[in-house]
Amino acid sequence: MPARIPSWAWVSGLTVGAVAAVAVLTVQAENGPHPTAAAVRPSTSASAGAHRPAASPKPAAPPEAPADSGTGRRVVYSLALKRVWLMDERGMPVRTFAVWPGTVSPDPGAYAISQRKDANKGSDGIQIEHIMYFAGKSGVFIAFSNAVDGSSPPPVAAGIKTGGVRTGKADGTALWAFASKGTRVVVVD
């Protein structure tokens, strides 16, 4: 019967082989092309010794919640900005996002989530979810919702009255988790 090679010998051999492979790759990398930094000439307005690279532009911060939107835990909906804020108990924004309103908008004022539905078909024929009714006007129910497929609403055909205030899919999920039945909704201009 042939002699067995001990496991420590196998491990040592594999380790030596791996180290040799890394050494070969390192030598090849050392001899290959190297990227070089482009020369940067300081502008004449730069102060001596204080050259800093240009900062990348910061993304625009979302607008603050309207000052006339009340206090405490609530959903704030701005008609003019087409934006919603979820405000915590301290009156601090937890999340804000843009929305796509329907053709019928609620009047400014205070409302409450009166009914919640998991899913349905919107008046525009799109499958929607996270439906939260909070107002009505001109015989049209007004509710927050989002399209199941995550799409934004297409332009509404002339003459169709829609009361859906559509959100993006992730925003609809966040709004659904935040606003239970009875949650205040404050609509401002």
# chains A, B, ... in the order shown; residues from 1 in each chain; ligands from 1
call {"tool": "residues_around", "arguments": {"residues": "Lys121 of chain A", "least_positions_apart": "2", "cutoff": "12 Å", "atoms": "only C-alpha atoms", "output": "list in words"}}
result
Lys117, Asp118, Ala119, Ser123, Asp124, Gly125, Ile126, Gln127, Ile128, Glu129, His130, Ile131, Ser145, Asn146, Ala147, Val148 and Gly164 of chain A
call {"tool": "residues_around", "arguments": {"residues": "Gly163 of chain A", "least_positions_apart": "3", "cutoff": "8 Å", "atoms": "only C-alpha atoms", "output": "list in words"}}
result
Pro101, Gly102, Thr103, Val104, Ser105, Val140, Phe141, Ile142 and Ala143 of chain A
call {"tool": "write_last_selection", "arguments": {"atoms": "N, CA, C and O atoms", "output": "CSV table (one decimal), in the first residue's frame"}}
result
chain,number,residue,atom,x,y,z
A,101,PRO,N,-50.7,64.6,-8.8
A,101,PRO,CA,-52.2,64.7,-8.4
A,101,PRO,C,-53.1,64.4,-9.6
A,101,PRO,O,-52.7,64.5,-10.8
A,102,GLY,N,-54.3,64.0,-9.3
A,102,GLY,CA,-55.3,63.7,-10.3
A,102,GLY,C,-55.9,65.1,-10.8
A,102,GLY,O,-55.3,66.1,-10.5
A,103,THR,N,-57.0,65.0,-11.5
A,103,THR,CA,-57.6,66.2,-12.0
A,103,THR,C,-58.5,67.0,-11.0
A,103,THR,O,-58.8,68.1,-11.2
A,104,VAL,N,-58.8,66.3,-9.9
A,104,VAL,CA,-59.6,66.9,-8.8
A,104,VAL,C,-58.8,67.0,-7.6
A,104,VAL,O,-58.3,65.9,-7.1
A,105,SER,N,-58.5,68.2,-7.1
A,105,SER,CA,-57.7,68.3,-5.9
A,105,SER,C,-58.6,68.7,-4.7
A,105,SER,O,-59.6,69.4,-4.8
A,140,VAL,N,-66.0,63.2,-6.3
A,140,VAL,CA,-64.8,62.4,-6.6
A,140,VAL,C,-64.1,62.1,-5.2
A,140,VAL,O,-63.9,63.1,-4.5
A,141,PHE,N,-63.8,60.8,-4.9
A,141,PHE,CA,-63.1,60.5,-3.7
A,141,PHE,C,-61.6,60.8,-4.0
A,141,PHE,O,-61.1,60.5,-5.1
A,142,ILE,N,-60.9,61.4,-3.0
A,142,ILE,CA,-59.5,61.7,-3.2
A,142,ILE,C,-58.7,60.9,-2.2
A,142,ILE,O,-59.0,60.8,-1.0
A,143,ALA,N,-57.7,60.2,-2.8
A,143,ALA,CA,-56.9,59.3,-2.0
A,143,ALA,C,-55.4,59.2,-2.5
A,143,ALA,O,-55.2,59.5,-3.7
call {"tool": "closest_residue", "arguments": {"among": "A:Val76, A:Pro106, A:Gly168, A:Asp149", "to": "Gly136 of chain A", "atoms": "only C-alpha atoms"}}
result
A:Pro106
call {"tool": "closest_residue", "arguments": {"among": "A:Thr173, A:Val185, A:Thr96, A:Ala158", "to": "Ala135 of chain A", "atoms": "only C-alpha atoms"}}
result
A:Val185
call {"tool": "residues_around", "arguments": {"residues": "Ser69 of chain A", "least_positions_apart": "4", "cutoff": "8 Å", "atoms": "only C-alpha atoms", "output": "JSON, numbers by chain"}}
result
{"A": [65, 76, 186, 187, 188]}
call {"tool": "atom_distance", "arguments": {"atom1": "atom CA of Gly70 of chain A", "atom2": "atom CA of Ser138 of chain A"}}
result
25.9 Å
call {"tool": "select_by_dssp", "arguments": {"residues": "segment 128-183 of chain A", "states": "strand (DSSP E or B)", "output": "list in words"}}
result
Ile128, Glu129, His130, Ile131, Met132, Tyr133, Phe134, Ala135, Gly136, Lys137, Val140, Phe141, Ile142, Ala143, Phe144, Ser145, Asn146, Ala147, Gly164, Val165, Arg166 and Thr167 of chain A
call {"tool": "write_last_selection", "arguments": {"atoms": "N, CA, C and O atoms", "output": "JSON list (two decimals), in the first residue's frame"}}
result
[["chain", "number", "residue", "atom", "x", "y", "z"],
["A", 128, "ILE", "N", -53.64, 49.78, -8.78],
["A", 128, "ILE", "CA", -53.02, 50.58, -7.73],
["A", 128, "ILE", "C", -53.06, 49.83, -6.40],
["A", 128, "ILE", "O", -53.83, 48.89, -6.23],
["A", 129, "GLU", "N", -52.21, 50.26, -5.47],
["A", 129, "GLU", "CA", -52.16, 49.68, -4.13],
["A", 129, "GLU", "C", -51.94, 50.79, -3.11],
["A", 129, "GLU", "O", -51.71, 51.94, -3.47],
["A", 130, "HIS", "N", -52.03, 50.41, -1.82],
["A", 130, "HIS", "CA", -51.82, 51.35, -0.72],
["A", 130, "HIS", "C", -52.74, 52.57, -0.86],
["A", 130, "HIS", "O", -52.30, 53.71, -0.82],
["A", 131, "ILE", "N", -54.02, 52.31, -1.02],
["A", 131, "ILE", "CA", -55.01, 53.37, -1.25],
["A", 131, "ILE", "C", -55.50, 53.88, 0.10],
["A", 131, "ILE", "O", -55.98, 53.11, 0.94],
["A", 132, "MET", "N", -55.36, 55.21, 0.30],
["A", 132, "MET", "CA", -55.78, 55.83, 1.55],
["A", 132, "MET", "C", -56.66, 57.03, 1.25],
["A", 132, "MET", "O", -56.16, 58.08, 0.84],
["A", 133, "TYR", "N", -57.96, 56.87, 1.45],
["A", 133, "TYR", "CA", -58.92, 57.94, 1.18],
["A", 133, "TYR", "C", -58.89, 58.97, 2.31],
["A", 133, "TYR", "O", -58.84, 58.62, 3.49],
["A", 134, "PHE", "N", -58.94, 60.26, 1.92],
["A", 134, "PHE", "CA", -58.92, 61.30, 2.96],
["A", 134, "PHE", "C", -59.83, 62.48, 2.65],
["A", 134, "PHE", "O", -60.06, 63.31, 3.53],
["A", 135, "ALA", "N", -60.37, 62.60, 1.45],
["A", 135, "ALA", "CA", -61.22, 63.75, 1.12],
["A", 135, "ALA", "C", -62.12, 63.40, -0.05],
["A", 135, "ALA", "O", -61.97, 62.35, -0.69],
["A", 136, "GLY", "N", -63.02, 64.30, -0.33],
["A", 136, "GLY", "CA", -63.90, 64.17, -1.49],
["A", 136, "GLY", "C", -64.27, 65.55, -1.99],
["A", 136, "GLY", "O", -64.30, 66.52, -1.22],
["A", 137, "LYS", "N", -64.48, 65.66, -3.30],
["A", 137, "LYS", "CA", -64.84, 66.95, -3.87],
["A", 137, "LYS", "C", -65.50, 66.70, -5.22],
["A", 137, "LYS", "O", -65.01, 65.88, -6.00],
["A", 140, "VAL", "N", -66.04, 63.19, -6.31],
["A", 140, "VAL", "CA", -64.85, 62.36, -6.55],
["A", 140, "VAL", "C", -64.14, 62.13, -5.22],
["A", 140, "VAL", "O", -63.90, 63.07, -4.46],
["A", 141, "PHE", "N", -63.82, 60.85, -4.93],
["A", 141, "PHE", "CA", -63.05, 60.52, -3.73],
["A", 141, "PHE", "C", -61.58, 60.82, -4.02],
["A", 141, "PHE", "O", -61.07, 60.53, -5.08],
["A", 142, "ILE", "N", -60.91, 61.39, -3.03],
["A", 142, "ILE", "CA", -59.50, 61.75, -3.17],
["A", 142, "ILE", "C", -58.69, 60.86, -2.23],
["A", 142, "ILE", "O", -59.01, 60.75, -1.05],
["A", 143, "ALA", "N", -57.67, 60.21, -2.80],
["A", 143, "ALA", "CA", -56.88, 59.25, -2.03],
["A", 143, "ALA", "C", -55.44, 59.22, -2.52],
["A", 143, "ALA", "O", -55.16, 59.47, -3.69],
["A", 144, "PHE", "N", -54.54, 58.89, -1.59],
["A", 144, "PHE", "CA", -53.16, 58.60, -1.95],
["A", 144, "PHE", "C", -53.10, 57.16, -2.44],
["A", 144, "PHE", "O", -53.83, 56.30, -1.94],
["A", 145, "SER", "N", -52.25, 56.89, -3.42],
["A", 145, "SER", "CA", -52.04, 55.52, -3.89],
["A", 145, "SER", "C", -50.78, 55.48, -4.73],
["A", 145, "SER", "O", -50.22, 56.51, -5.07],
["A", 146, "ASN", "N", -50.35, 54.26, -5.05],
["A", 146, "ASN", "CA", -49.24, 54.11, -6.01],
["A", 146, "ASN", "C", -49.58, 52.99, -6.98],
["A", 146, "ASN", "O", -50.34, 52.08, -6.64],
["A", 147, "ALA", "N", -49.04, 53.08, -8.19],
["A", 147, "ALA", "CA", -49.25, 52.04, -9.19],
["A", 147, "ALA", "C", -48.52, 50.78, -8.75],
["A", 147, "ALA", "O", -47.38, 50.85, -8.27],
["A", 164, "GLY", "N", -57.03, 60.52, -7.56],
["A", 164, "GLY", "CA", -55.86, 59.84, -7.03],
["A", 164, "GLY", "C", -54.67, 60.78, -6.93],
["A", 164, "GLY", "O", -54.37, 61.52, -7.85],
["A", 165, "VAL", "N", -54.00, 60.75, -5.80],
["A", 165, "VAL", "CA", -52.74, 61.48, -5.61],
["A", 165, "VAL", "C", -51.68, 60.37, -5.61],
["A", 165, "VAL", "O", -51.50, 59.68, -4.62],
["A", 166, "ARG", "N", -51.04, 60.17, -6.76],
["A", 166, "ARG", "CA", -50.12, 59.05, -6.93],
["A", 166, "ARG", "C", -48.74, 59.35, -6.36],
["A", 166, "ARG", "O", -48.24, 60.47, -6.45],
["A", 167, "THR", "N", -48.16, 58.31, -5.78],
["A", 167, "THR", "CA", -46.80, 58.38, -5.25],
["A", 167, "THR", "C", -45.95, 57.36, -5.99],
["A", 167, "THR", "O", -46.48, 56.50, -6.70]]
call {"tool": "closest_residue", "arguments": {"among": "A:Gly91, A:Leu79, A:Val99, A:Ala112", "to": "Thr183 of chain A", "atoms": "only C-alpha atoms"}}
result
A:Ala112
call {"tool": "decode", "arguments": {"residues": "segment 65-91 of chain A", "atoms": "N, CA, C and O atoms", "output": "PDB file, in the first residue's frame"}}
result
ATOM      1  N   ALA A  65     -41.153  71.477   5.086  1.00  0.00           N
ATOM      2  CA  ALA A  65     -42.608  71.404   5.186  1.00  0.00           C
ATOM      3  C   ALA A  65     -43.167  72.810   5.337  1.00  0.00           C
ATOM      4  O   ALA A  65     -42.558  73.664   5.987  1.00  0.00           O
ATOM      5  N   PRO A  66     -44.310  73.089   4.733  1.00  0.00           N
ATOM      6  CA  PRO A  66     -44.914  74.422   4.845  1.00  0.00           C
ATOM      7  C   PRO A  66     -45.154  74.805   6.311  1.00  0.00           C
ATOM      8  O   PRO A  66     -45.581  73.978   7.116  1.00  0.00           O
ATOM      9  N   ALA A  67     -44.864  76.044   6.634  1.00  0.00           N
ATOM     10  CA  ALA A  67     -44.985  76.532   8.015  1.00  0.00           C
ATOM     11  C   ALA A  67     -46.430  76.494   8.515  1.00  0.00           C
ATOM     12  O   ALA A  67     -46.672  76.316   9.699  1.00  0.00           O
ATOM     13  N   ASP A  68     -47.387  76.625   7.614  1.00  0.00           N
ATOM     14  CA  ASP A  68     -48.798  76.685   8.016  1.00  0.00           C
ATOM     15  C   ASP A  68     -49.468  75.308   7.999  1.00  0.00           C
ATOM     16  O   ASP A  68     -50.677  75.208   7.835  1.00  0.00           O
ATOM     17  N   SER A  69     -48.682  74.241   8.223  1.00  0.00           N
ATOM     18  CA  SER A  69     -49.229  72.891   8.092  1.00  0.00           C
ATOM     19  C   SER A  69     -49.591  72.235   9.418  1.00  0.00           C
ATOM     20  O   SER A  69     -49.839  71.035   9.456  1.00  0.00           O
ATOM     21  N   GLY A  70     -49.620  72.997  10.494  1.00  0.00           N
ATOM     22  CA  GLY A  70     -50.021  72.429  11.769  1.00  0.00           C
ATOM     23  C   GLY A  70     -48.856  71.891  12.566  1.00  0.00           C
ATOM     24  O   GLY A  70     -47.695  72.156  12.260  1.00  0.00           O
ATOM     25  N   THR A  71     -49.186  71.100  13.588  1.00  0.00           N
ATOM     26  CA  THR A  71     -48.172  70.534  14.465  1.00  0.00           C
ATOM     27  C   THR A  71     -48.484  69.058  14.710  1.00  0.00           C
ATOM     28  O   THR A  71     -49.574  68.585  14.407  1.00  0.00           O
ATOM     29  N   GLY A  72     -47.522  68.358  15.274  1.00  0.00           N
ATOM     30  CA  GLY A  72     -47.724  66.964  15.636  1.00  0.00           C
ATOM     31  C   GLY A  72     -47.623  66.007  14.462  1.00  0.00           C
ATOM     32  O   GLY A  72     -47.257  66.378  13.344  1.00  0.00           O
ATOM     33  N   ARG A  73     -47.980  64.759  14.725  1.00  0.00           N
ATOM     34  CA  ARG A  73     -47.900  63.689  13.719  1.00  0.00           C
ATOM     35  C   ARG A  73     -48.986  63.889  12.674  1.00  0.00           C
ATOM     36  O   ARG A  73     -50.165  63.982  12.999  1.00  0.00           O
ATOM     37  N   ARG A  74     -48.568  63.924  11.407  1.00  0.00           N
ATOM     38  CA  ARG A  74     -49.516  64.208  10.343  1.00  0.00           C
ATOM     39  C   ARG A  74     -48.884  63.954   8.979  1.00  0.00           C
ATOM     40  O   ARG A  74     -47.669  63.827   8.861  1.00  0.00           O
ATOM     41  N   VAL A  75     -49.732  63.927   7.968  1.00  0.00           N
ATOM     42  CA  VAL A  75     -49.306  63.907   6.571  1.00  0.00           C
ATOM     43  C   VAL A  75     -49.606  65.297   6.037  1.00  0.00           C
ATOM     44  O   VAL A  75     -50.712  65.811   6.222  1.00  0.00           O
ATOM     45  N   VAL A  76     -48.619  65.928   5.406  1.00  0.00           N
ATOM     46  CA  VAL A  76     -48.812  67.256   4.829  1.00  0.00           C
ATOM     47  C   VAL A  76     -48.749  67.117   3.313  1.00  0.00           C
ATOM     48  O   VAL A  76     -47.821  66.516   2.781  1.00  0.00           O
ATOM     49  N   TYR A  77     -49.765  67.685   2.645  1.00  0.00           N
ATOM     50  CA  TYR A  77     -49.832  67.628   1.186  1.00  0.00           C
ATOM     51  C   TYR A  77     -49.906  69.051   0.643  1.00  0.00           C
ATOM     52  O   TYR A  77     -50.855  69.775   0.918  1.00  0.00           O
ATOM     53  N   SER A  78     -48.877  69.476  -0.096  1.00  0.00           N
ATOM     54  CA  SER A  78     -48.845  70.805  -0.697  1.00  0.00           C
ATOM     55  C   SER A  78     -49.337  70.707  -2.140  1.00  0.00           C
ATOM     56  O   SER A  78     -48.723  70.024  -2.964  1.00  0.00           O
ATOM     57  N   LEU A  79     -50.418  71.411  -2.433  1.00  0.00           N
ATOM     58  CA  LEU A  79     -50.980  71.411  -3.785  1.00  0.00           C
ATOM     59  C   LEU A  79     -50.033  72.079  -4.778  1.00  0.00           C
ATOM     60  O   LEU A  79     -49.807  71.570  -5.877  1.00  0.00           O
ATOM     61  N   ALA A  80     -49.461  73.210  -4.390  1.00  0.00           N
ATOM     62  CA  ALA A  80     -48.593  73.966  -5.303  1.00  0.00           C
ATOM     63  C   ALA A  80     -47.289  73.236  -5.587  1.00  0.00           C
ATOM     64  O   ALA A  80     -46.811  73.231  -6.729  1.00  0.00           O
ATOM     65  N   LEU A  81     -46.705  72.625  -4.558  1.00  0.00           N
ATOM     66  CA  LEU A  81     -45.417  71.952  -4.730  1.00  0.00           C
ATOM     67  C   LEU A  81     -45.565  70.507  -5.211  1.00  0.00           C
ATOM     68  O   LEU A  81     -44.566  69.868  -5.545  1.00  0.00           O
ATOM     69  N   LYS A  82     -46.793  69.998  -5.180  1.00  0.00           N
ATOM     70  CA  LYS A  82     -47.052  68.592  -5.551  1.00  0.00           C
ATOM     71  C   LYS A  82     -46.108  67.689  -4.760  1.00  0.00           C
ATOM     72  O   LYS A  82     -45.372  66.877  -5.294  1.00  0.00           O
ATOM     73  N   ARG A  83     -46.165  67.847  -3.438  1.00  0.00           N
ATOM     74  CA  ARG A  83     -45.234  67.159  -2.539  1.00  0.00           C
ATOM     75  C   ARG A  83     -45.954  66.784  -1.254  1.00  0.00           C
ATOM     76  O   ARG A  83     -46.859  67.484  -0.804  1.00  0.00           O
ATOM     77  N   VAL A  84     -45.512  65.677  -0.652  1.00  0.00           N
ATOM     78  CA  VAL A  84     -46.049  65.185   0.620  1.00  0.00           C
ATOM     79  C   VAL A  84     -44.902  65.084   1.617  1.00  0.00           C
ATOM     80  O   VAL A  84     -43.780  64.723   1.250  1.00  0.00           O
ATOM     81  N   TRP A  85     -45.208  65.403   2.877  1.00  0.00           N
ATOM     82  CA  TRP A  85     -44.266  65.226   3.990  1.00  0.00           C
ATOM     83  C   TRP A  85     -44.934  64.319   5.015  1.00  0.00           C
ATOM     84  O   TRP A  85     -46.123  64.487   5.318  1.00  0.00           O
ATOM     85  N   LEU A  86     -44.190  63.408   5.581  1.00  0.00           N
ATOM     86  CA  LEU A  86     -44.650  62.605   6.710  1.00  0.00           C
ATOM     87  C   LEU A  86     -43.986  63.201   7.939  1.00  0.00           C
ATOM     88  O   LEU A  86     -42.758  63.177   8.065  1.00  0.00           O
ATOM     89  N   MET A  87     -44.790  63.750   8.839  1.00  0.00           N
ATOM     90  CA  MET A  87     -44.278  64.473   9.999  1.00  0.00           C
ATOM     91  C   MET A  87     -44.480  63.630  11.265  1.00  0.00           C
ATOM     92  O   MET A  87     -45.573  63.116  11.498  1.00  0.00           O
ATOM     93  N   ASP A  88     -43.430  63.513  12.096  1.00  0.00           N
ATOM     94  CA  ASP A  88     -43.528  62.718  13.317  1.00  0.00           C
ATOM     95  C   ASP A  88     -44.196  63.513  14.439  1.00  0.00           C
ATOM     96  O   ASP A  88     -44.623  64.659  14.239  1.00  0.00           O
ATOM     97  N   GLU A  89     -44.264  62.912  15.627  1.00  0.00           N
ATOM     98  CA  GLU A  89     -44.937  63.532  16.772  1.00  0.00           C
ATOM     99  C   GLU A  89     -44.344  64.878  17.148  1.00  0.00           C
ATOM    100  O   GLU A  89     -45.034  65.763  17.648  1.00  0.00           O
ATOM    101  N   ARG A  90     -43.032  65.054  16.924  1.00  0.00           N
ATOM    102  CA  ARG A  90     -42.359  66.314  17.253  1.00  0.00           C
ATOM    103  C   ARG A  90     -42.555  67.357  16.160  1.00  0.00           C
ATOM    104  O   ARG A  90     -42.064  68.467  16.277  1.00  0.00           O
ATOM    105  N   GLY A  91     -43.225  66.977  15.070  1.00  0.00           N
ATOM    106  CA  GLY A  91     -43.411  67.902  13.952  1.00  0.00           C
ATOM    107  C   GLY A  91     -42.212  67.944  13.018  1.00  0.00           C
ATOM    108  O   GLY A  91     -42.056  68.876  12.240  1.00  0.00           O
TER     109      GLY A  91
END
